[in-house]
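Heads up, the thing below is written out as structure tokens.
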Amino acid sequence: MFCSSSGKIDRRYVDLAAEAGAELARRGHSLVSGGAQVSCMGAVARAARAGGARTIGVIPEGLVSVEISDEDNDELIVTGDMRARKGEMDRRSDAFLVLPGGIGTLEELFEVWTARVLAMHDKPVVILDPTGVYEPLRELMVGLTEQGFARPKIWDAIGWTDSVPEAFDLLERTQPRIEFSPEDYAEAEL
């Protein structure tokens, strides 16, 4: 699960993370998250553990004191840097749920979304956005698709919802494999 570690966000986003963590546990899943005890990251892990879910936190060494690592995780992995963190999270995850967040969350989103479009994994990717935080992103991506910068198949590689139960329904659904074709990326005539 990708989400915010900011302490400056509205409480409703922390509550959303807790709701997602509780739903994850209720459905019998484990949590892989950013390993911090602050803001949404902490809320999702605490709620998941309270519901009986196993939690795995992955945090870069440089953020242990900044994000304050969550020592209550069933497993806490400290990596050398952000790239190693993302790789470990990707490796351990069966699906990706993206909650409202900042540039770190966006970077994680774009990496797993792009990898799915390029058929580098078949794991579901779902954005949970009940308040419209990501609506400008959706509009940007629609514009990029309309202008030919992004292929229409990007929309086959992602789910977008405003409901926690629907987000988990989408994550649990068998996702069609995205077929990567070099013709999809052929150069335009000059």
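Residue numbers start at 1 in each chain; chains themselves are named A, B, ... in the order of the structure tokens; ligands are numbered from 1 in the order shown.
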request  = Apply DSSP to the backbone of this structure and, from segment 6-180 of chain A, keep only the residues in helix (DSSP H, G or I); write these as a VMD selection string.
outcome  = chain A and resid 11 to 26 39 to 50 61 to 68 82 to 92 103 to 117 135 to 146 152 to 157 164 to 172
task = Would you kindly return, as a list in words, each protein, DNA or RNA residue with an atom no farther than 7 Å from any atom of Val164 of chain A, considering only C-alpha atoms and excluding same-chain residues fewer than 4 positions away?
result = Ala20, Leu128 and Phe168 of chain A
task = Give the strand (DSSP E or B) residues of segment 52-152 of chain A, as assigned by DSSP on the backbone, as an MDAnalysis selection string.
result = chainID A and resid 55:60 69 75:79 96:98 125:128
inquiry  = Quick one: residues within 10 Å of Ile9 of chain A, only C-alpha atoms, excluding same-chain residues fewer than 3 positions away - as a PyMOL selection string?
reply    = chain A and resi 4-6+12-14+39-40+100-101
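Taking atom CA of Val44 of chain A and atom CA of Leu16 of chain A as endpoints, the distance between them is 8.4 Å.
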Computed interatomic separation between atom CA of Leu144 of chain A and atom CA of Gly132 of chain A (Å) = 19.1 Å
